[in-house]
Each structure stands twice: as C-alpha cells, then as structure tokens.
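Raw contents of model12.cif, mmCIF, C-alpha atoms:
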data_entry
#
loop_
_atom_site.label_atom_id
_atom_site.label_comp_id
_atom_site.auth_asym_id
_atom_site.auth_seq_id
_atom_site.Cartn_x
_atom_site.Cartn_y
_atom_site.Cartn_z
CA MET A 25 -15.83 -38.45 121.77
CA ALA A 26 -15.95 -34.80 120.70
CA LYS A 27 -17.61 -33.91 117.42
CA LYS A 28 -15.13 -32.88 114.73
CA LYS A 29 -15.29 -29.16 113.94
CA THR A 30 -16.38 -28.02 110.52
CA TRP A 31 -14.08 -25.83 108.45
CA LYS A 32 -16.41 -22.89 109.14
CA GLU A 33 -16.18 -23.51 112.88
CA LYS A 34 -12.39 -23.62 112.59
CA LEU A 35 -12.46 -20.38 110.60
CA HIS A 36 -14.24 -18.55 113.43
CA ASP A 37 -12.22 -20.16 116.26
CA VAL A 38 -9.91 -17.29 117.20
CA LYS A 39 -8.53 -18.86 120.40
CA ASP A 40 -6.23 -16.17 121.84
CA PHE A 41 -5.18 -14.80 118.46
CA PRO A 42 -4.05 -12.47 117.06
CA ARG A 43 -0.97 -12.48 119.19
CA VAL A 44 2.38 -10.77 118.66
CA GLU A 45 5.39 -12.38 120.31
CA LYS A 46 9.12 -11.78 120.35
CA LEU A 47 11.13 -14.04 118.04
CA THR A 48 13.21 -16.48 120.08
CA GLY A 49 15.54 -19.45 119.71
CA LYS A 50 15.65 -21.05 116.28
CA MET A 51 13.25 -18.44 114.93
CA ILE A 52 15.93 -15.77 115.38
CA ASN A 53 18.35 -17.87 113.31
CA GLN A 54 15.84 -18.04 110.50
CA TRP A 55 14.10 -14.64 110.67
CA GLY A 56 16.42 -12.43 112.70
CA GLU A 57 15.53 -10.23 115.66
CA GLY A 58 12.01 -8.89 115.95
CA THR A 59 8.45 -10.04 116.47
CA ILE A 60 6.06 -12.54 114.95
CA VAL A 61 2.29 -12.28 114.68
CA ILE A 62 0.04 -15.28 114.86
CA PRO A 63 -3.07 -14.03 113.05
CA THR A 64 -6.62 -15.30 113.29
CA PRO A 65 -8.02 -17.61 110.62
CA ILE A 66 -10.67 -15.03 109.76
CA GLU A 67 -8.01 -12.37 109.10
CA VAL A 68 -6.38 -14.64 106.53
CA ASP A 69 -9.79 -15.38 105.01
CA GLU A 70 -10.63 -11.66 104.77
CA LEU A 71 -7.43 -10.97 102.82
CA MET A 72 -7.99 -13.94 100.50
CA ARG A 73 -11.57 -12.82 99.92
CA LYS A 74 -10.40 -9.42 98.61
CA ILE A 75 -8.56 -10.84 95.59
CA PRO A 76 -10.64 -9.97 92.50
CA LYS A 77 -11.27 -12.23 89.55
CA GLY A 78 -8.23 -12.37 87.26
CA LYS A 79 -5.85 -11.29 90.04
CA LEU A 80 -3.66 -13.36 92.35
CA THR A 81 -1.87 -13.18 95.65
CA THR A 82 0.72 -15.32 97.37
CA ILE A 83 0.81 -16.57 100.91
CA ASN A 84 3.88 -14.35 101.45
CA GLN A 85 1.96 -11.26 100.36
CA ILE A 86 -0.73 -12.14 102.88
CA ARG A 87 1.93 -12.63 105.55
CA ASN A 88 3.45 -9.23 104.78
CA ILE A 89 0.08 -7.50 105.09
CA LEU A 90 -0.62 -9.25 108.40
CA ALA A 91 2.80 -8.37 109.82
CA GLN A 92 2.34 -4.73 108.86
CA LYS A 93 -1.21 -4.63 110.26
CA HIS A 94 -0.02 -5.91 113.65
CA GLY A 95 3.29 -4.02 113.74
CA ALA A 96 5.27 -7.26 113.70
CA THR A 97 8.45 -8.14 111.84
CA ILE A 98 6.86 -11.23 110.27
CA ALA A 99 3.63 -13.22 110.28
CA CYS A 100 3.91 -16.89 111.15
CA PRO A 101 4.35 -18.83 107.90
CA ILE A 102 2.98 -22.07 109.35
CA CYS A 103 -0.13 -20.56 110.92
CA THR A 104 -0.85 -18.39 107.90
CA GLY A 105 -0.65 -21.44 105.62
CA ILE A 106 -2.87 -23.50 107.90
CA PHE A 107 -5.39 -20.67 108.14
CA ALA A 108 -5.45 -20.31 104.34
CA ARG A 109 -6.30 -24.02 104.14
CA ILE A 110 -9.07 -23.52 106.71
CA ALA A 111 -10.45 -20.60 104.65
CA ALA A 112 -10.45 -22.82 101.56
CA GLY A 113 -12.24 -25.62 103.40
CA ALA A 114 -14.85 -23.20 104.74
CA ALA A 115 -15.39 -21.84 101.23
CA GLU A 116 -16.07 -25.34 99.93
CA GLU A 117 -18.51 -25.98 102.78
CA ASP A 118 -20.34 -22.78 101.82
CA LEU A 119 -20.44 -23.86 98.19
CA GLN A 120 -21.87 -27.26 99.13
CA GLN A 121 -24.59 -25.48 101.10
CA GLY A 122 -25.57 -23.42 98.06
CA ASN A 123 -23.73 -20.21 98.93
CA ASN A 124 -21.84 -19.00 95.86
CA ASP A 125 -20.30 -15.96 97.58
CA ILE A 126 -17.19 -17.81 98.71
CA THR A 127 -13.56 -17.00 99.38
CA PRO A 128 -11.70 -17.47 96.05
CA TYR A 129 -8.97 -19.56 97.60
CA TRP A 130 -7.63 -20.72 94.21
CA ARG A 131 -6.28 -17.18 93.72
CA THR A 132 -3.88 -17.60 96.68
CA LEU A 133 -0.69 -19.27 95.51
CA LYS A 134 2.47 -20.41 97.19
CA SER A 135 5.25 -17.81 97.14
CA ASP A 136 6.71 -19.01 93.82
CA GLY A 137 3.37 -19.09 91.98
CA GLU A 138 2.80 -22.77 92.67
CA ILE A 139 -0.73 -24.05 93.08
CA ASN A 140 -1.42 -25.36 96.59
CA PRO A 141 -2.26 -29.09 96.40
CA LYS A 142 -3.81 -29.02 99.89
CA TYR A 143 -6.75 -26.86 98.85
CA PRO A 144 -10.11 -28.60 98.23
CA GLY A 145 -10.32 -30.49 94.96
CA GLY A 146 -6.55 -30.54 94.71
CA VAL A 147 -4.49 -29.07 91.93
CA GLN A 148 -6.82 -30.09 89.11
CA LYS A 149 -9.80 -28.11 90.45
CA GLN A 150 -7.64 -25.04 90.93
CA ILE A 151 -6.20 -25.36 87.43
CA GLU A 152 -9.73 -25.30 86.04
CA MET A 153 -10.72 -22.28 88.16
CA LEU A 154 -7.55 -20.35 87.31
CA GLU A 155 -7.80 -21.10 83.58
CA GLU A 156 -11.43 -19.92 83.64
CA GLU A 157 -10.07 -16.60 84.92
CA GLY A 158 -7.56 -16.33 82.10
CA HIS A 159 -4.39 -17.69 83.70
CA THR A 160 -2.01 -20.10 82.00
CA ILE A 161 -0.83 -23.04 84.06
CA ILE A 162 2.55 -24.68 83.48
CA PRO A 163 4.08 -27.82 84.98
CA LYS A 164 6.75 -27.42 87.63
CA GLY A 165 8.46 -30.79 87.75
CA LYS A 166 6.47 -34.02 87.67
CA SER A 167 3.46 -33.33 89.89
CA LYS A 168 3.47 -29.61 90.64
CA PHE A 169 2.00 -26.73 88.71
CA ARG A 170 2.38 -22.98 88.76
CA VAL A 171 0.72 -19.99 87.16
CA ALA A 172 2.79 -18.70 84.25
CA GLU A 173 3.96 -15.12 84.76
CA PHE A 174 1.93 -14.97 87.98
CA GLU A 175 3.81 -11.84 89.05
CA LYS A 176 1.94 -9.83 86.39
CA SER A 177 -1.39 -10.68 88.05
CA LEU A 178 -0.46 -10.01 91.66
CA CYS A 179 -2.54 -7.49 93.60
#
Can you turn what I pasted into structure tokens?
Amino acid sequence: MAKKKTWKEKLHDVKDFPRVEKLTGKMINQWGEGTIVIPTPIEVDELMRKIPKGKLTTINQIRNILAQKHGATIACPICTGIFARIAAGAAEEDLQQGNNDITPYWRTLKSDGEINPKYPGGVQKQIEMLEEEGHTIIPKGKSKFRVAEFEKSLC
C-alpha cells in the first residue's frame, strides 16, 4: 500500500500543470467560449501567501489573477479551491513543525466573504485568526460565517 502524501508533498506535486485548455461541452454552457487554466497548487499558495495582515482575498480573485497570468478566460474553480485547501493543509503542517512563516490561508475567503469550513481547524479557528487581525465575523444562516464588510479589506 502506498504511503499517503503529506499536504506539503501535495503542494509541490505539479503533475502536468499549469495547463490551458479550450472550454468544451458543459463548461461552455456555464462559462462561455474560451479557455480554462488548471494552475499548480504552488501558484495558488504563492498568491495566498501575498495577502498581508488585515487584508483579505477571495478564491475568485485568485482565479482571476491565475487566468490573467496564463492568458486564459477562466481558472478552474474546482482545482483552485482544492489547491487552496492543499495550501492551508501544508501551512498547518509547517506550523506543527515549528515554522511560523506560513501561508495565511484564513485570509482567503469564498467569493461572498464566507469563511471556508474545509480549512484546518474549521470555521472556529479562522474566526479567531480573523478577529485577531481586526475583522468582524457575522453569522450567515445557522452554521456559516462571513467577514462583515469584507469588500473593504480586499487586496
């Protein structure tokens, strides 16, 4: 049985990415004509790492930057989200190993300012980290949370 990869190994596993492909089939119905880039996990991590304390970004902002960088119409929303989760997991591994210079994944929100429950420590850890940086967190329904007026803190 193969050993399970660490988050850091996943972060540096570029496979055959980045890759730009023509949008086809159902993707055209959703996104229109054009191209889609599948970035590398490390590219997503590098963009997340650039967000300074007190500032925020959204996964859609990251996708827009990646699409522009690669001359594509869009960046893959699924891959970009997965790679953001990998970056967050790798950051937590670094932290557990005593490295405090980690990717501030809690500063990367869903497109509507919602906190991503899939990041390490779940929503509660991110609420604590975001409040430490001066953000106000508000409930969004029963079990979801978002950063109040997050647009004012976007990079």
Using only C-alpha atoms, the residue out of A:Leu178, A:Gln150, A:Ala114, A:Ile60 with shortest distance to A:Pro101 is A:Ile60
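For the point (7.3, -16.9, 115.3), the residues with at least one atom inside 8 Å, counting only C-alpha atoms, are Glu45, Lys46, Leu47, Thr48, Met51, Thr59, Ile60, Val61, Ile62, Ile98, Ala99 and Cys100 of chain A.
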What does the PyMOL selection byres ((chain A and resi 65) around 9) select in this file, as a count of residues only?
20
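Proximity of A:Lys176, A:Lys134, A:Lys74, A:Lys93 to A:Val44, computed with only C-alpha atoms, is greatest for A:Lys93.
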Looking at A:Tyr143, A:Phe169, A:Trp31, A:Tyr129, which one is nearest to A:Thr82, with distances taken over all atoms listed in the file?
A:Tyr129
Using Å and a single decimal, report how far atom CA of A:Lys29 sits from atom CA of A:His94.
27.8 Å
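Summary of the local environment: counting all atoms listed in the file, residues at most 9 Å from A:Ala115, other than itself and those fewer than 5 positions away along its chain, are Trp31, Lys32, Ile110, Gln120, Asn123, Asn124, Asp125, Ile126, Thr127, Pro128 and Tyr129 of chain A.
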Atom pair atom CA of A:Pro163 / atom CA of A:Arg87: separation (Å):
25.7 Å
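Atom CA of A:Glu155 sits 14.1 Å away from atom CA of A:Glu138.
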Incomplete stretch 88-112 of chain A filled out to N, CA and C atoms as a PDB file, in the coordinates of the input:
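Contents of part.pdb, as written:
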ATOM      1  N   ASN A  88       2.919 -10.589 104.671  1.00  0.00           N
ATOM      2  CA  ASN A  88       3.450  -9.230 104.780  1.00  0.00           C
ATOM      3  C   ASN A  88       2.381  -8.241 105.232  1.00  0.00           C
ATOM      4  N   ILE A  89       1.188  -8.383 104.692  1.00  0.00           N
ATOM      5  CA  ILE A  89       0.080  -7.500 105.090  1.00  0.00           C
ATOM      6  C   ILE A  89      -0.254  -7.701 106.566  1.00  0.00           C
ATOM      7  N   LEU A  90      -0.302  -8.954 107.001  1.00  0.00           N
ATOM      8  CA  LEU A  90      -0.620  -9.250 108.400  1.00  0.00           C
ATOM      9  C   LEU A  90       0.454  -8.707 109.347  1.00  0.00           C
ATOM     10  N   ALA A  91       1.719  -8.879 108.978  1.00  0.00           N
ATOM     11  CA  ALA A  91       2.800  -8.370 109.820  1.00  0.00           C
ATOM     12  C   ALA A  91       2.703  -6.857 109.952  1.00  0.00           C
ATOM     13  N   GLN A  92       2.467  -6.181 108.839  1.00  0.00           N
ATOM     14  CA  GLN A  92       2.340  -4.730 108.860  1.00  0.00           C
ATOM     15  C   GLN A  92       1.137  -4.295 109.702  1.00  0.00           C
ATOM     16  N   LYS A  93       0.022  -4.961 109.525  1.00  0.00           N
ATOM     17  CA  LYS A  93      -1.210  -4.630 110.260  1.00  0.00           C
ATOM     18  C   LYS A  93      -0.978  -4.699 111.772  1.00  0.00           C
ATOM     19  N   HIS A  94      -0.212  -5.693 112.211  1.00  0.00           N
ATOM     20  CA  HIS A  94      -0.020  -5.910 113.650  1.00  0.00           C
ATOM     21  C   HIS A  94       1.299  -5.330 114.171  1.00  0.00           C
ATOM     22  N   GLY A  95       2.040  -4.624 113.317  1.00  0.00           N
ATOM     23  CA  GLY A  95       3.290  -4.020 113.740  1.00  0.00           C
ATOM     24  C   GLY A  95       4.350  -5.038 114.097  1.00  0.00           C
ATOM     25  N   ALA A  96       4.310  -6.193 113.436  1.00  0.00           N
ATOM     26  CA  ALA A  96       5.270  -7.260 113.700  1.00  0.00           C
ATOM     27  C   ALA A  96       6.300  -7.324 112.574  1.00  0.00           C
ATOM     28  N   THR A  97       7.415  -7.957 112.850  1.00  0.00           N
ATOM     29  CA  THR A  97       8.450  -8.140 111.840  1.00  0.00           C
ATOM     30  C   THR A  97       7.979  -9.113 110.764  1.00  0.00           C
ATOM     31  N   ILE A  98       7.362 -10.217 111.202  1.00  0.00           N
ATOM     32  CA  ILE A  98       6.860 -11.230 110.270  1.00  0.00           C
ATOM     33  C   ILE A  98       5.524 -11.773 110.782  1.00  0.00           C
ATOM     34  N   ALA A  99       4.795 -12.427 109.890  1.00  0.00           N
ATOM     35  CA  ALA A  99       3.630 -13.220 110.280  1.00  0.00           C
ATOM     36  C   ALA A  99       4.032 -14.680 110.195  1.00  0.00           C
ATOM     37  N   CYS A 100       3.535 -15.473 111.085  1.00  0.00           N
ATOM     38  CA  CYS A 100       3.910 -16.890 111.150  1.00  0.00           C
ATOM     39  C   CYS A 100       3.583 -17.600 109.843  1.00  0.00           C
ATOM     40  N   PRO A 101       4.599 -18.154 109.175  1.00  0.00           N
ATOM     41  CA  PRO A 101       4.350 -18.830 107.900  1.00  0.00           C
ATOM     42  C   PRO A 101       3.514 -20.102 108.069  1.00  0.00           C
ATOM     43  N   ILE A 102       3.723 -20.821 109.143  1.00  0.00           N
ATOM     44  CA  ILE A 102       2.980 -22.070 109.350  1.00  0.00           C
ATOM     45  C   ILE A 102       1.509 -21.773 109.629  1.00  0.00           C
ATOM     46  N   CYS A 103       1.254 -20.891 110.579  1.00  0.00           N
ATOM     47  CA  CYS A 103      -0.130 -20.560 110.920  1.00  0.00           C
ATOM     48  C   CYS A 103      -0.862 -19.929 109.746  1.00  0.00           C
ATOM     49  N   THR A 104      -0.205 -19.042 109.033  1.00  0.00           N
ATOM     50  CA  THR A 104      -0.850 -18.390 107.900  1.00  0.00           C
ATOM     51  C   THR A 104      -1.227 -19.426 106.838  1.00  0.00           C
ATOM     52  N   GLY A 105      -0.346 -20.380 106.580  1.00  0.00           N
ATOM     53  CA  GLY A 105      -0.650 -21.440 105.620  1.00  0.00           C
ATOM     54  C   GLY A 105      -1.792 -22.320 106.086  1.00  0.00           C
ATOM     55  N   ILE A 106      -1.784 -22.687 107.354  1.00  0.00           N
ATOM     56  CA  ILE A 106      -2.870 -23.500 107.900  1.00  0.00           C
ATOM     57  C   ILE A 106      -4.190 -22.745 107.815  1.00  0.00           C
ATOM     58  N   PHE A 107      -4.158 -21.461 108.147  1.00  0.00           N
ATOM     59  CA  PHE A 107      -5.390 -20.670 108.140  1.00  0.00           C
ATOM     60  C   PHE A 107      -5.909 -20.457 106.718  1.00  0.00           C
ATOM     61  N   ALA A 108      -5.013 -20.394 105.737  1.00  0.00           N
ATOM     62  CA  ALA A 108      -5.450 -20.310 104.340  1.00  0.00           C
ATOM     63  C   ALA A 108      -6.161 -21.604 103.950  1.00  0.00           C
ATOM     64  N   ARG A 109      -5.650 -22.734 104.418  1.00  0.00           N
ATOM     65  CA  ARG A 109      -6.300 -24.020 104.140  1.00  0.00           C
ATOM     66  C   ARG A 109      -7.678 -24.086 104.804  1.00  0.00           C
ATOM     67  N   ILE A 110      -7.776 -23.570 106.014  1.00  0.00           N
ATOM     68  CA  ILE A 110      -9.070 -23.520 106.710  1.00  0.00           C
ATOM     69  C   ILE A 110     -10.050 -22.644 105.931  1.00  0.00           C
ATOM     70  N   ALA A 111      -9.588 -21.494 105.447  1.00  0.00           N
ATOM     71  CA  ALA A 111     -10.450 -20.600 104.650  1.00  0.00           C
ATOM     72  C   ALA A 111     -10.947 -21.308 103.399  1.00  0.00           C
ATOM     73  N   ALA A 112     -10.073 -22.075 102.761  1.00  0.00           N
ATOM     74  CA  ALA A 112     -10.450 -22.820 101.560  1.00  0.00           C
ATOM     75  C   ALA A 112     -11.486 -23.893 101.885  1.00  0.00           C
TER      76      ALA A 112
END
